[in-house]
$ cat structure.cif   # mmCIF, C-alpha atoms (C1' of nucleotides)
data_model
loop_
_atom_site.label_atom_id
_atom_site.label_comp_id
_atom_site.auth_asym_id
_atom_site.auth_seq_id
_atom_site.Cartn_x
_atom_site.Cartn_y
_atom_site.Cartn_z
CA MET A 1242 -21.92 42.59 -1.84
CA ASP A 1243 -22.18 41.65 1.85
CA GLU A 1244 -21.61 38.23 3.39
CA GLY A 1245 -25.30 37.65 4.03
CA ASN A 1246 -26.13 37.87 0.35
CA ILE A 1247 -23.26 35.60 -0.60
CA ILE A 1248 -24.45 32.97 1.85
CA SER A 1249 -28.04 33.20 0.71
CA ILE A 1250 -26.99 32.77 -2.93
CA LEU A 1251 -25.08 29.60 -2.02
CA LYS A 1252 -28.00 28.20 -0.04
CA LYS A 1253 -30.49 29.08 -2.77
CA HIS A 1254 -28.41 26.99 -5.16
CA GLU A 1255 -28.21 23.96 -2.86
CA LEU A 1256 -24.54 24.50 -2.05
CA ARG A 1257 -22.97 24.06 1.36
CA VAL A 1258 -21.42 27.22 2.72
CA THR A 1259 -17.66 26.86 3.07
CA ASP A 1260 -14.83 29.39 3.27
CA CYS A 1261 -13.64 28.57 -0.22
CA ARG A 1262 -17.07 28.91 -1.79
CA ARG A 1263 -17.80 32.14 0.02
CA ASP A 1264 -14.50 33.70 -1.02
CA VAL A 1265 -14.71 32.55 -4.62
CA LEU A 1266 -18.32 33.62 -5.08
CA HIS A 1267 -17.54 36.98 -3.50
CA TYR A 1268 -14.73 37.45 -5.98
CA PHE A 1269 -16.91 36.45 -8.91
CA ILE A 1270 -19.59 38.93 -8.03
CA ASP A 1271 -17.29 41.83 -7.21
CA SER A 1272 -14.93 41.48 -10.19
CA GLY A 1273 -16.47 43.01 -13.28
CA HIS A 1274 -15.00 40.52 -15.73
CA ALA A 1275 -14.95 36.81 -16.51
CA LEU A 1276 -12.38 34.75 -14.65
CA SER A 1277 -9.90 32.18 -15.86
CA THR A 1278 -8.88 29.24 -13.71
CA ARG A 1279 -5.40 30.73 -13.77
CA GLU A 1280 -6.57 33.97 -12.18
CA LEU A 1281 -8.48 32.07 -9.52
CA GLU A 1282 -5.46 29.94 -8.65
CA GLU A 1283 -3.30 33.04 -8.29
CA THR A 1284 -5.89 34.85 -6.22
CA PHE A 1285 -6.72 31.97 -3.90
CA GLY A 1286 -3.39 30.34 -3.19
CA GLN A 1287 -4.68 29.37 0.24
CA TYR A 1288 -6.96 26.78 -1.36
CA ASP A 1289 -5.84 23.69 -3.19
CA ARG A 1290 -6.02 23.81 -6.99
CA VAL A 1291 -8.26 20.75 -6.95
CA THR A 1292 -10.66 22.42 -4.56
CA LEU A 1293 -10.91 25.44 -6.85
CA TYR A 1294 -11.65 23.24 -9.86
CA ARG A 1295 -14.32 21.41 -7.89
CA THR A 1296 -15.76 24.69 -6.71
CA LEU A 1297 -16.03 25.90 -10.29
CA ASN A 1298 -17.69 22.67 -11.38
CA ALA A 1299 -20.15 22.79 -8.49
CA PHE A 1300 -21.00 26.43 -9.19
CA THR A 1301 -21.50 25.68 -12.88
CA GLU A 1302 -23.73 22.67 -12.24
CA LYS A 1303 -25.89 24.61 -9.81
CA GLY A 1304 -26.19 27.65 -12.04
CA VAL A 1305 -24.19 30.11 -9.93
CA ILE A 1306 -21.71 30.76 -12.72
CA HIS A 1307 -21.55 29.85 -16.39
CA SER A 1308 -18.65 28.83 -18.54
CA ILE A 1309 -17.91 31.14 -21.43
CA PRO A 1310 -17.07 29.88 -24.91
CA ASP A 1311 -13.56 30.93 -25.85
CA SER A 1312 -11.34 29.85 -28.71
CA SER A 1313 -8.13 30.11 -26.70
CA GLY A 1314 -8.66 26.67 -25.19
CA PHE A 1315 -8.85 27.80 -21.57
CA ALA A 1316 -11.99 27.62 -19.49
CA ARG A 1317 -13.45 30.97 -18.42
CA TYR A 1318 -16.31 31.66 -16.06
CA GLY A 1319 -18.65 34.48 -15.24
CA ALA A 1320 -21.27 35.04 -12.56
CA CYS A 1321 -24.80 34.26 -13.67
CA HIS A 1322 -27.70 36.65 -13.47
CA ASP A 1323 -30.12 36.49 -10.58
CA THR A 1324 -32.53 34.58 -12.75
CA CYS A 1325 -30.25 31.55 -12.96
CA GLY A 1326 -30.86 28.62 -10.65
CA PRO A 1327 -30.46 24.84 -10.59
CA GLY A 1328 -33.25 24.30 -13.09
CA THR A 1329 -33.74 27.77 -14.49
CA HIS A 1330 -30.49 28.70 -16.09
CA ARG A 1331 -30.73 31.62 -18.50
CA HIS A 1332 -28.88 30.38 -21.52
CA ASP A 1333 -28.11 33.42 -23.54
CA HIS A 1334 -25.20 35.71 -22.96
CA VAL A 1335 -23.16 38.34 -24.77
CA HIS A 1336 -19.47 38.54 -23.94
CA PHE A 1337 -16.73 40.81 -25.16
CA LYS A 1338 -13.12 39.67 -25.16
CA CYS A 1339 -10.44 42.34 -25.38
CA GLU A 1340 -7.47 41.24 -27.48
CA GLU A 1341 -5.24 43.80 -25.76
CA CYS A 1342 -5.74 43.19 -22.06
CA GLY A 1343 -7.29 39.72 -22.34
CA LYS A 1344 -10.26 40.53 -20.14
CA ILE A 1345 -13.70 39.14 -20.91
CA GLU A 1346 -16.70 41.23 -19.94
CA CYS A 1347 -20.30 40.16 -19.74
CA ILE A 1348 -22.54 42.53 -21.68
CA PRO A 1349 -25.87 42.06 -19.92
CA SER A 1350 -27.93 44.68 -21.66
CA GLU A 1351 -27.69 43.36 -25.18
CA GLN A 1352 -30.21 40.93 -26.54
CA VAL A 1353 -28.93 37.78 -28.20
CA PRO A 1354 -30.86 37.41 -31.44
CA MET A 1355 -33.02 34.38 -32.03
CA VAL A 1356 -31.98 32.33 -35.04
CA ASN A 1357 -34.40 30.12 -36.90
CA LEU A 1358 -33.04 26.66 -37.77
CA PRO A 1359 -35.79 24.29 -38.90
CA GLY A 1360 -35.52 20.87 -37.29
CA TYR A 1361 -33.15 22.11 -34.59
CA THR A 1362 -33.92 22.84 -30.94
CA ILE A 1363 -31.95 25.82 -29.64
CA SER A 1364 -31.60 26.02 -25.87
CA GLU A 1365 -28.62 28.30 -25.58
CA SER A 1366 -27.30 31.25 -27.50
CA ASN A 1367 -23.92 32.89 -26.92
CA LEU A 1368 -22.59 35.87 -28.77
CA ILE A 1369 -18.82 36.26 -28.45
CA LEU A 1370 -17.40 39.59 -29.54
CA ALA A 1371 -13.68 40.31 -29.73
CA GLY A 1372 -11.64 43.42 -30.34
CA THR A 1373 -10.40 46.27 -28.19
CA CYS A 1374 -12.21 47.39 -25.07
CA GLU A 1375 -12.93 50.96 -24.06
CA ALA A 1376 -10.10 51.11 -21.51
CA CYS A 1377 -7.48 49.84 -23.95
CA ASN A 1378 -8.75 52.16 -26.68
CA THR A 1379 -8.30 55.11 -24.33
CA LEU A 1380 -5.16 54.28 -22.42
CA PRO A 1381 -1.67 53.72 -23.84
CA GLN A 1382 -0.56 50.15 -24.51
CA GLN A 1383 -1.16 47.81 -21.56
CA SER A 1384 0.43 44.50 -20.74
CA VAL A 1385 -1.36 41.47 -22.10
CA SER A 1386 -2.40 38.83 -19.60
CA GLN A 1387 -3.91 35.72 -21.05
CA MET B 1405 -13.69 16.72 -52.96
CA ASP B 1406 -10.96 15.41 -55.25
CA GLU B 1407 -7.21 15.56 -54.66
CA GLY B 1408 -6.66 18.30 -57.20
CA ASN B 1409 -8.86 20.72 -55.32
CA ILE B 1410 -7.25 19.86 -51.99
CA ILE B 1411 -3.81 20.55 -53.43
CA SER B 1412 -4.89 23.81 -54.99
CA ILE B 1413 -6.37 25.00 -51.70
CA LEU B 1414 -3.07 24.27 -49.93
CA LYS B 1415 -1.06 26.09 -52.58
CA LYS B 1416 -3.43 29.04 -52.64
CA HIS B 1417 -2.79 29.44 -48.90
CA GLU B 1418 1.00 29.29 -49.22
CA LEU B 1419 1.25 25.84 -47.65
CA ARG B 1420 3.54 23.06 -48.83
CA VAL B 1421 1.70 19.97 -49.96
CA THR B 1422 2.47 17.02 -47.69
CA ASP B 1423 0.65 13.77 -46.97
CA CYS B 1424 -0.44 14.93 -43.54
CA ARG B 1425 -1.80 18.23 -44.76
CA ARG B 1426 -3.61 16.62 -47.68
CA ASP B 1427 -5.25 14.00 -45.48
CA VAL B 1428 -6.22 16.43 -42.72
CA LEU B 1429 -7.62 19.05 -45.10
CA HIS B 1430 -9.54 16.35 -46.94
CA TYR B 1431 -11.07 15.24 -43.67
CA PHE B 1432 -11.94 18.79 -42.67
CA ILE B 1433 -13.74 19.47 -45.92
CA ASP B 1434 -15.56 16.16 -46.17
CA SER B 1435 -16.72 15.95 -42.55
CA GLY B 1436 -19.68 18.22 -42.10
CA HIS B 1437 -18.82 19.24 -38.55
CA ALA B 1438 -16.15 21.00 -36.53
CA LEU B 1439 -13.26 18.87 -35.31
CA SER B 1440 -11.59 18.54 -31.95
CA THR B 1441 -7.89 17.83 -31.61
CA ARG B 1442 -8.94 14.60 -29.93
CA GLU B 1443 -10.88 13.45 -32.98
CA LEU B 1444 -7.99 14.31 -35.26
CA GLU B 1445 -5.52 12.39 -33.11
CA GLU B 1446 -7.77 9.33 -33.18
CA THR B 1447 -8.39 9.57 -36.90
CA PHE B 1448 -4.79 10.15 -37.93
CA GLY B 1449 -2.79 7.85 -35.69
CA GLN B 1450 -0.23 7.48 -38.47
CA TYR B 1451 0.94 11.04 -37.86
CA ASP B 1452 2.67 12.29 -34.76
CA ARG B 1453 0.55 14.30 -32.32
CA VAL B 1454 2.96 17.21 -32.64
CA THR B 1455 2.64 17.19 -36.41
CA LEU B 1456 -1.14 17.36 -36.15
CA TYR B 1457 -0.95 20.31 -33.74
CA ARG B 1458 1.47 22.07 -36.05
CA THR B 1459 -0.78 21.33 -39.00
CA LEU B 1460 -3.72 22.89 -37.19
CA ASN B 1461 -1.69 25.96 -36.28
CA ALA B 1462 -0.43 26.36 -39.84
CA PHE B 1463 -3.94 25.96 -41.27
CA THR B 1464 -5.29 28.49 -38.80
CA GLU B 1465 -2.56 31.05 -39.52
CA LYS B 1466 -3.05 30.76 -43.25
CA GLY B 1467 -6.83 30.96 -43.06
CA VAL B 1468 -7.66 27.41 -44.17
CA ILE B 1469 -9.51 26.64 -40.94
CA HIS B 1470 -10.69 28.70 -37.96
CA SER B 1471 -10.84 27.90 -34.28
CA ILE B 1472 -14.30 27.82 -32.77
CA PRO B 1473 -15.10 29.22 -29.33
CA ASP B 1474 -16.35 26.46 -27.08
CA SER B 1475 -17.12 26.49 -23.38
CA SER B 1476 -15.79 22.98 -22.79
CA GLY B 1477 -12.22 24.24 -22.78
CA PHE B 1478 -11.07 22.24 -25.78
CA ALA B 1479 -9.98 23.76 -29.05
CA ARG B 1480 -12.25 23.03 -31.99
CA TYR B 1481 -11.71 23.80 -35.64
CA GLY B 1482 -13.79 24.13 -38.77
CA ALA B 1483 -12.99 24.64 -42.44
CA CYS B 1484 -13.16 28.25 -43.54
CA HIS B 1485 -15.24 29.56 -46.36
CA ASP B 1486 -13.70 30.14 -49.77
CA THR B 1487 -13.42 33.80 -48.96
CA CYS B 1488 -10.83 33.22 -46.25
CA GLY B 1489 -7.15 33.64 -47.07
CA PRO B 1490 -3.88 34.66 -45.40
CA GLY B 1491 -4.93 38.30 -45.13
CA THR B 1492 -8.63 38.14 -45.75
CA HIS B 1493 -10.06 36.01 -42.97
CA ARG B 1494 -13.79 36.36 -42.45
CA HIS B 1495 -14.16 36.83 -38.72
CA ASP B 1496 -17.78 36.14 -38.12
CA HIS B 1497 -19.25 32.72 -37.87
CA VAL B 1498 -22.36 30.99 -36.58
CA HIS B 1499 -21.93 27.56 -35.05
CA PHE B 1500 -24.37 25.08 -33.60
CA LYS B 1501 -23.30 22.61 -30.94
CA CYS B 1502 -25.52 19.58 -30.37
CA GLU B 1503 -25.74 18.59 -26.70
CA GLU B 1504 -26.76 15.04 -27.67
CA CYS B 1505 -24.11 13.93 -30.15
CA GLY B 1506 -21.53 16.60 -29.33
CA LYS B 1507 -21.03 17.66 -32.92
CA ILE B 1508 -20.47 21.27 -33.86
CA GLU B 1509 -21.71 22.45 -37.22
CA CYS B 1510 -20.87 25.62 -39.06
CA ILE B 1511 -24.00 27.49 -40.14
CA PRO B 1512 -22.74 29.51 -43.08
CA SER B 1513 -25.97 31.09 -44.23
CA GLU B 1514 -26.81 33.00 -41.08
CA GLN B 1515 -25.59 36.52 -40.55
CA VAL B 1516 -23.94 37.40 -37.25
CA PRO B 1517 -25.62 40.55 -36.01
CA MET B 1518 -23.61 43.71 -35.53
CA VAL B 1519 -23.70 45.00 -31.98
CA ASN B 1520 -23.08 48.62 -31.11
CA LEU B 1521 -20.77 49.17 -28.13
CA PRO B 1522 -19.64 52.80 -27.86
CA GLY B 1523 -15.92 53.10 -27.19
CA TYR B 1524 -15.23 49.51 -28.20
CA THR B 1525 -13.67 48.23 -31.41
CA ILE B 1526 -15.21 44.94 -32.54
CA SER B 1527 -13.12 42.90 -34.96
CA GLU B 1528 -14.72 39.51 -34.59
CA SER B 1529 -18.19 38.23 -33.86
CA ASN B 1530 -19.10 34.62 -33.13
CA LEU B 1531 -22.55 33.30 -32.43
CA ILE B 1532 -22.56 29.94 -30.64
CA LEU B 1533 -25.88 28.12 -30.54
CA ALA B 1534 -26.48 24.96 -28.54
CA GLY B 1535 -29.31 22.48 -28.29
CA THR B 1536 -30.36 19.42 -30.26
CA CYS B 1537 -29.52 19.00 -33.91
CA GLU B 1538 -31.86 17.78 -36.61
CA ALA B 1539 -30.42 14.27 -36.71
CA CYS B 1540 -30.72 13.79 -32.93
CA ASN B 1541 -34.23 15.25 -32.91
CA THR B 1542 -35.27 12.69 -35.54
CA LEU B 1543 -33.37 9.57 -34.56
CA PRO B 1544 -33.63 7.67 -31.27
CA GLN B 1545 -31.06 8.43 -28.54
CA GLN B 1546 -27.48 8.37 -29.82
CA SER B 1547 -24.24 7.92 -27.94
CA VAL B 1548 -22.63 11.11 -26.72
CA SER B 1549 -19.08 11.76 -27.85
CA GLN B 1550 -17.45 14.82 -26.40
"C1'" DT C 248 -24.32 16.60 20.46
"C1'" DA C 249 -24.27 12.62 17.40
"C1'" DT C 250 -24.83 11.25 12.80
"C1'" DT C 251 -24.58 11.71 8.08
"C1'" DT C 252 -23.38 13.81 4.06
"C1'" DT C 253 -20.34 16.47 1.59
"C1'" DA C 254 -15.98 19.33 0.99
"C1'" DT C 255 -11.11 19.56 1.32
"C1'" DG C 256 -6.10 18.47 0.70
"C1'" DC C 257 -2.64 15.57 -0.94
"C1'" DA C 258 -0.72 12.42 -4.25
"C1'" DA C 259 -0.92 10.76 -8.52
"C1'" DA C 260 -2.73 10.09 -12.99
"C1'" DT C 261 -4.38 11.75 -17.36
"C1'" DA C 262 -5.06 15.22 -20.93
"C1'" DT C 263 -3.64 19.10 -23.60
"C1'" DG C 264 -0.36 21.78 -25.93
"C1'" DT C 265 4.58 23.45 -26.86
"C1'" DT C 266 9.74 23.43 -27.79
"C1'" DG C 267 14.36 21.78 -29.38
"C1'" DC C 268 16.74 19.18 -32.37
"C1'" DA C 269 18.09 15.90 -35.89
"C1'" DT C 270 16.40 14.13 -40.14
"C1'" DC C 271 13.74 14.06 -44.15
"C1'" DT C 272 11.24 16.10 -48.10
"C1'" DA C 273 8.72 19.52 -51.15
"C1'" DT C 274 9.87 23.11 -53.92
"C1'" DA C 275 12.45 26.15 -56.85
"C1'" DG C 276 16.36 27.05 -59.61
"C1'" DA C 277 20.45 25.49 -62.34
"C1'" DT D 1036 16.89 15.84 -63.89
"C1'" DC D 1037 19.85 17.16 -60.17
"C1'" DT D 1038 20.91 20.12 -56.33
"C1'" DA D 1039 20.34 23.45 -52.73
"C1'" DT D 1040 17.47 25.00 -49.18
"C1'" DA D 1041 13.58 26.35 -46.62
"C1'" DG D 1042 10.35 24.15 -44.32
"C1'" DA D 1043 7.90 19.68 -42.42
"C1'" DT D 1044 8.20 15.64 -39.65
"C1'" DG D 1045 9.12 12.51 -35.65
"C1'" DC D 1046 10.95 11.85 -31.26
"C1'" DA D 1047 11.94 13.17 -26.61
"C1'" DA D 1048 11.07 16.12 -23.22
"C1'" DC D 1049 8.77 19.77 -21.11
"C1'" DA D 1050 4.89 22.73 -19.47
"C1'" DT D 1051 0.38 23.38 -18.17
"C1'" DA D 1052 -4.52 22.04 -17.40
"C1'" DT D 1053 -7.83 19.03 -15.39
"C1'" DT D 1054 -9.45 14.78 -13.12
"C1'" DT D 1055 -9.59 10.82 -9.77
"C1'" DG D 1056 -8.95 8.16 -5.39
"C1'" DC D 1057 -8.68 8.26 -0.79
"C1'" DA D 1058 -8.18 9.72 3.98
"C1'" DT D 1059 -9.55 13.47 6.84
"C1'" DA D 1060 -12.19 17.49 8.18
"C1'" DA D 1061 -16.08 20.23 8.30
"C1'" DA D 1062 -21.20 21.53 7.41
"C1'" DA D 1063 -25.91 20.32 7.81
"C1'" DT D 1064 -29.54 17.73 9.98
"C1'" DA D 1065 -31.96 15.60 13.55
#

$ encode --input "structure.cif" --output "structure tokens"
Amino acid sequence: MDEGNIISILKKHELRVTDCRRDVLHYFIDSGHALSTRELEETFGQYDRVTLYRTLNAFTEKGVIHSIPDSSGFARYGACHDTCGPGTHRHDHVHFKCEECGKIECIPSEQVPMVNLPGYTISESNLILAGTCEACNTLPQQSVSQ
Amino acid sequence: MDEGNIISILKKHELRVTDCRRDVLHYFIDSGHALSTRELEETFGQYDRVTLYRTLNAFTEKGVIHSIPDSSGFARYGACHDTCGPGTHRHDHVHFKCEECGKIECIPSEQVPMVNLPGYTISESNLILAGTCEACNTLPQQSVSQ
DNA sequence: TATTTTATGCAAATATGTTGCATCTATAGA
DNA sequence: TCTATAGATGCAACATATTTGCATAAAATA
């Protein structure tokens, strides 16, 4: 994606355009998988850890990215769909976590089923799948990166 | 649940019966919601933090409890169904997280849908719902405890 | 360009989770 | 019931993750 689009996404979400935010958003959109804070720290050593954390929080609050439920205890994030905005966040996602390579992919095509729970209000619905991804099923054993 | 049942559950899962394990398992079974490590530390101040972490890991390995995917970045745990054991863990769960009171409930009756992803092997399937629970929908505003 | 609002970097604090080791205890067997 | 032993506990220390305060720098607005 080109710089113009990156900038317009930031502005649309009421975020000031800074180097850090441009670089991080670029990376989110171009990488096909969900990102851990660890991976972001390693990728963007030029920015302070604190700045990266604040960037992630700002992006999450404004609906640019969403945090992904994970039982490993580390926060993970993925880029939101175009339809997400400050007040119009689309709250249903399907994610697949590969136990071999550790990568989490967003599966956009699948529909998260609606569940009926009388008395409850459901605003968000996340389906988390885990197993072995296509690449790891095909290729020989890969190194595991949490 | 009475002490005899607690002890038999521990033994059935190849776990030595100790005070800490009895108390923690009791609490898991009697509380209707999923527990954070934070809540366990606060509840069981008489036991060392390390012991509680090791208890959680032992319970998880033996299939007494399961960790619950959560986007907040904290580990959460819930008691497993009767069908779970050291080698026979049921790897599909539905959980509901209330945004008001912060509690996570296990919804045992619902079926997690099977998703077809060609080339992928799916070994686990978790559906995470979020919104407002029945109690918070009925009662006036409650305090939020993460 | 001047002003204001917000982002950044650094230091430090807090939270979360693990490891090593000495000691104690639950369990099984004599 | 007593004893041996594998495993559980507590303590100290470590490792990593995340947040907060504050001074400075930069972006947006007029």

$ residues_around --input "structure.cif" --residues "segment 254-269 of chain C" --least-positions-apart "3" --cutoff "12 Å" --atoms "only C-alpha atoms (C1' of nucleotides)" --output "PyMOL selection string"
(chain A and resi 1256-1262+1287-1296+1299+1313-1315) or (chain B and resi 1440-1442+1445+1453-1458+1460-1461+1477-1479) or (chain D and resi 1044-1062)

$ write_last_selection --input "structure.cif" --atoms "C-alpha atoms (C1' of nucleotides)" --output "compact mmCIF listing (two decimals), keeping the file's coordinate frame"
# COMPACT_ATOMS: atom_id res chain seq x y z
CA LEU A 1256 -24.54 24.50 -2.05
CA ARG A 1257 -22.97 24.06 1.36
CA VAL A 1258 -21.42 27.22 2.72
CA THR A 1259 -17.66 26.86 3.07
CA ASP A 1260 -14.83 29.39 3.27
CA CYS A 1261 -13.64 28.57 -0.22
CA ARG A 1262 -17.07 28.91 -1.79
CA GLN A 1287 -4.68 29.37 0.24
CA TYR A 1288 -6.96 26.78 -1.36
CA ASP A 1289 -5.84 23.69 -3.19
CA ARG A 1290 -6.02 23.81 -6.99
CA VAL A 1291 -8.26 20.75 -6.95
CA THR A 1292 -10.66 22.42 -4.56
CA LEU A 1293 -10.91 25.44 -6.85
CA TYR A 1294 -11.65 23.24 -9.86
CA ARG A 1295 -14.32 21.41 -7.89
CA THR A 1296 -15.76 24.69 -6.71
CA ALA A 1299 -20.15 22.79 -8.49
CA SER A 1313 -8.13 30.11 -26.70
CA GLY A 1314 -8.66 26.67 -25.19
CA PHE A 1315 -8.85 27.80 -21.57
CA SER B 1440 -11.59 18.54 -31.95
CA THR B 1441 -7.89 17.83 -31.61
CA ARG B 1442 -8.94 14.60 -29.93
CA GLU B 1445 -5.52 12.39 -33.11
CA ARG B 1453 0.55 14.30 -32.32
CA VAL B 1454 2.96 17.21 -32.64
CA THR B 1455 2.64 17.19 -36.41
CA LEU B 1456 -1.14 17.36 -36.15
CA TYR B 1457 -0.95 20.31 -33.74
CA ARG B 1458 1.47 22.07 -36.05
CA LEU B 1460 -3.72 22.89 -37.19
CA ASN B 1461 -1.69 25.96 -36.28
CA GLY B 1477 -12.22 24.24 -22.78
CA PHE B 1478 -11.07 22.24 -25.78
CA ALA B 1479 -9.98 23.76 -29.05
C1' DT D 1044 8.20 15.64 -39.65
C1' DG D 1045 9.12 12.51 -35.65
C1' DC D 1046 10.95 11.85 -31.26
C1' DA D 1047 11.94 13.17 -26.61
C1' DA D 1048 11.07 16.12 -23.22
C1' DC D 1049 8.77 19.77 -21.11
C1' DA D 1050 4.89 22.73 -19.47
C1' DT D 1051 0.38 23.38 -18.17
C1' DA D 1052 -4.52 22.04 -17.40
C1' DT D 1053 -7.83 19.03 -15.39
C1' DT D 1054 -9.45 14.78 -13.12
C1' DT D 1055 -9.59 10.82 -9.77
C1' DG D 1056 -8.95 8.16 -5.39
C1' DC D 1057 -8.68 8.26 -0.79
C1' DA D 1058 -8.18 9.72 3.98
C1' DT D 1059 -9.55 13.47 6.84
C1' DA D 1060 -12.19 17.49 8.18
C1' DA D 1061 -16.08 20.23 8.30
C1' DA D 1062 -21.20 21.53 7.41

$ atom_distance --input "structure.cif" --atom1 "atom CA of Cys1342 of chain A" --atom2 "atom CA of His1267 of chain A"
22.9 Å

$ residues_around --input "structure.cif" --residues "Met1518 of chain B" --least-positions-apart "4" --cutoff "10 Å" --atoms "only C-alpha atoms (C1' of nucleotides)" --output "list in words"
Leu1370 of chain A; Asp1496, Ile1526, Glu1528 and Ser1529 of chain B

$ interface_residues --input "structure.cif" --of "chain A" --to "chain B" --cutoff "6 Å" --atoms "only C-alpha atoms" --output "compact mmCIF listing (two decimals) with C-alpha atoms, in the frame of the given file"
# COMPACT_ATOMS: atom_id res chain seq x y z
CA SER A 1308 -18.65 28.83 -18.54
CA ILE A 1309 -17.91 31.14 -21.43
CA PRO A 1310 -17.07 29.88 -24.91
CA ASP A 1311 -13.56 30.93 -25.85
CA SER A 1312 -11.34 29.85 -28.71
CA GLY A 1314 -8.66 26.67 -25.19
CA PHE A 1315 -8.85 27.80 -21.57
CA ALA A 1316 -11.99 27.62 -19.49
CA GLY A 1360 -35.52 20.87 -37.29
CA TYR A 1361 -33.15 22.11 -34.59
CA THR A 1362 -33.92 22.84 -30.94
CA ILE A 1363 -31.95 25.82 -29.64
CA SER A 1364 -31.60 26.02 -25.87
CA GLU A 1365 -28.62 28.30 -25.58
CA SER A 1366 -27.30 31.25 -27.50
CA ASN A 1367 -23.92 32.89 -26.92
CA LEU A 1368 -22.59 35.87 -28.77
CA ILE A 1369 -18.82 36.26 -28.45
CA LEU A 1370 -17.40 39.59 -29.54
CA ALA A 1371 -13.68 40.31 -29.73
CA GLY A 1372 -11.64 43.42 -30.34
CA THR A 1373 -10.40 46.27 -28.19
CA CYS A 1374 -12.21 47.39 -25.07
CA GLU A 1375 -12.93 50.96 -24.06

$ atom_distance --input "structure.cif" --atom1 "atom C1' of DA1039 of chain D" --atom2 "atom CA of Phe1463 of chain B"
27.0 Å

$ atom_distance --input "structure.cif" --atom1 "atom CA of Gly1245 of chain A" --atom2 "atom CA of Lys1344 of chain A"
28.6 Å

$ resolve_selection --input "structure.cif" --expression "the PyMOL selection byres ((chain D and resi 1042) around 9)" --output "MDAnalysis selection string"
(chainID B and resid 1420) or (chainID C and resid 272:273) or (chainID D and resid 1040:1041 1043)
